[in-house]
Every structure is written in C-alpha cells, then in structure tokens.
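**Student:** Encoded as structure tokens, here's the structure I'll be asking about.
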Amino acid sequence: MVAATDEKHVHILLYSDDADLRQAVKNAIGIRPAKDMPRVAWVEAATADGAIMKFEENTIDLIIADGETQKVGGMALLRRIEIEYEKLPPSLVLIARQQDEWLAKFAGTTAVLATPLDPIDLADSVTALLKDANV
C-alpha cells in the first residue's frame, strides 16, 4: 500500500475508459500540477471494478473521474466509493454537459470541469483540490 504522506508523490486515481482522455489529463498536469506541489503518481483505471481495486490497494489523494465513462460513469463510481468506504477523497469529475454539474455534486464530487479540457483550468483545479486537502 502506498502512503498518502509520501514526500515525493501525490497519488491520483484517474478513471476513464477513454485512453485519449486519460493521456490528455496526464499531459495537462505533467509531472506535478504546480511547481510547489509534489510529483504525481498516476493510478489509472478504465473500468469501475479496476478503479475500486486500485482504490483499495492504494492511498489515493485525489480522484479524477470521467463522467462519460460507459457502463459505470465517473459520478456513479464516486457515489459508490462514498457509500461503501464512507470517506471520499477530493474528487474532480469531467463532464460533457454543464447541466450535469448538479448530478456530479450529488454524487459527492468536490469539483467539476467541462470538456473539452483546458489544460490550465485542469492544473489549477487539481492544485486547489490538493492544497485544500493539505497534500
């Protein structure tokens, strides 16, 4: 199990069935979301079962979830984690329609960003969420 207090890395669970979107998120964040932040250790999952398994195996500092993932969307995954594990780490849901923001908030997400992604907005959001969580 990876410790959240690791001085060199922040652990981000990135959930999406779209490999291109996962790569775009990783490219936008780079090796760290801001120069005063620790390096990112990506924990990727393309399925809900895989995301749950990786959530259980690692100490996750932040979840970035694609709200458009097929079968089990990012919002449903976050709701499941919140119910089953009683503590949801800070989370960011990527949504295709701005009107889905209310649903993402109901699912327990901390923040929402609409796609297509703006790399600067994404890095700023990730930085703010991690700093709010004292990571």
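Following the order of the structure tokens, first chain is A, next is B, and so on, with residues numbered from 1 inside each chain and ligands from 1 in the order they appear.
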Per residue of segment 54-134 of chain A within 10 Å of segment 42-45 of chain A, which atom pair is closest and at what distance in Å (one decimal), using only C-alpha atoms, listed by chain and increasing number, as a Markdown table?

**Tutor:**
| residue | atom | partner | partner_atom | distance |
| --- | --- | --- | --- | --- |
| A:Lys54 | CA | A:Val43 | CA | 7.2 |
| A:Phe55 | CA | A:Val43 | CA | 8.7 |
| A:Asn58 | CA | A:Val43 | CA | 8.5 |
| A:Ile60 | CA | A:Val43 | CA | 8.5 |
| A:Ile63 | CA | A:Val43 | CA | 9.3 |
| A:Ile64 | CA | A:Glu44 | CA | 9.7 |
| A:Ala65 | CA | A:Ala45 | CA | 9.6 |

**Student:** Write the residues of the preceding selection, restricted to C-alpha atoms, as a PDB file, in the first residue's frame.

**Tutor:**
ATOM      1  CA  LYS A  54      -6.889   0.285  -7.183  1.00  0.00           C
ATOM      2  CA  PHE A  55      -8.679   2.483  -4.636  1.00  0.00           C
ATOM      3  CA  ASN A  58      -3.544   2.481  -2.700  1.00  0.00           C
ATOM      4  CA  ILE A  60      -5.490   7.961  -3.019  1.00  0.00           C
ATOM      5  CA  ILE A  63      -9.777  11.100  -7.867  1.00  0.00           C
ATOM      6  CA  ILE A  64     -10.269  12.436 -11.374  1.00  0.00           C
ATOM      7  CA  ALA A  65     -13.243  10.672 -12.946  1.00  0.00           C
TER       8      ALA A  65
END

**Student:** For Ala46 of chain A, find every residue with an atom within 8 Å (counting only C-alpha atoms), except residues of its own chain fewer than 6 positions away, and show them as a PyMOL selection string.

**Tutor:** chain A and resi 15-19

**Student:** Excluding segment 108-120 of chain A and its own-chain neighbours fewer than 4 positions away, which residues fall within 12 Å of it when counting only C-alpha atoms? Please give them as JSON, numbers by chain.

**Tutor:** {"A": [20, 21, 22, 23, 24, 25, 26, 27, 28, 29, 30, 33, 34, 62, 63, 64, 65, 66, 67, 68, 74, 75, 76, 77, 78, 79, 80, 81, 82, 83, 86, 87, 88, 89, 90, 91, 92, 93, 94, 95, 96, 97, 98, 99, 100, 101, 102, 103, 104, 124, 125, 126, 127, 128, 129, 130, 132, 133]}

**Student:** For the structure I just gave you, how does DSSP split chain A - specifically, which residues are helix (DSSP H, G or I)? Reply as a VMD selection string.

**Tutor:** chain A and resid 19 to 29 48 to 57 74 to 85 98 to 106 119 to 132

**Student:** Quote the spacing between atom CA of Pro38 of chain A and atom CA of Leu122 of chain A in Å to one decimal place.

**Tutor:** 16.3 Å

**Student:** Taking only segment 3-134 of chain A into account, list the residues labelled strand (DSSP E) by DSSP (computed from the backbone), as a list in words.

**Tutor:** His9, Val10, His11, Ile12, Leu13, Leu14, Tyr15, Arg39, Val40, Ala41, Trp42, Val43, Glu44, Ala45, Leu62, Ile63, Ile64, Ala65, Asp66, Ser91, Leu92, Val93, Leu94, Ile95, Ala111, Val112, Leu113 and Ala114 of chain A

**Student:** If I take atom CA of Thr69 of chain A and atom CA of Val40 of chain A, how far is one from the other in Å, to one decimal?

**Tutor:**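 Taking atom CA of Thr69 of chain A and atom CA of Val40 of chain A, their separation equals 22.6 Å.
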
**Student:** Quick one: distance from atom CA of Ile52 of chain A to atom CA of Asp121 of chain A in Å, one decimal?

**Tutor:**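 Answer for the atom CA of Ile52 of chain A to atom CA of Asp121 of chain A separation: 26.9 Å.
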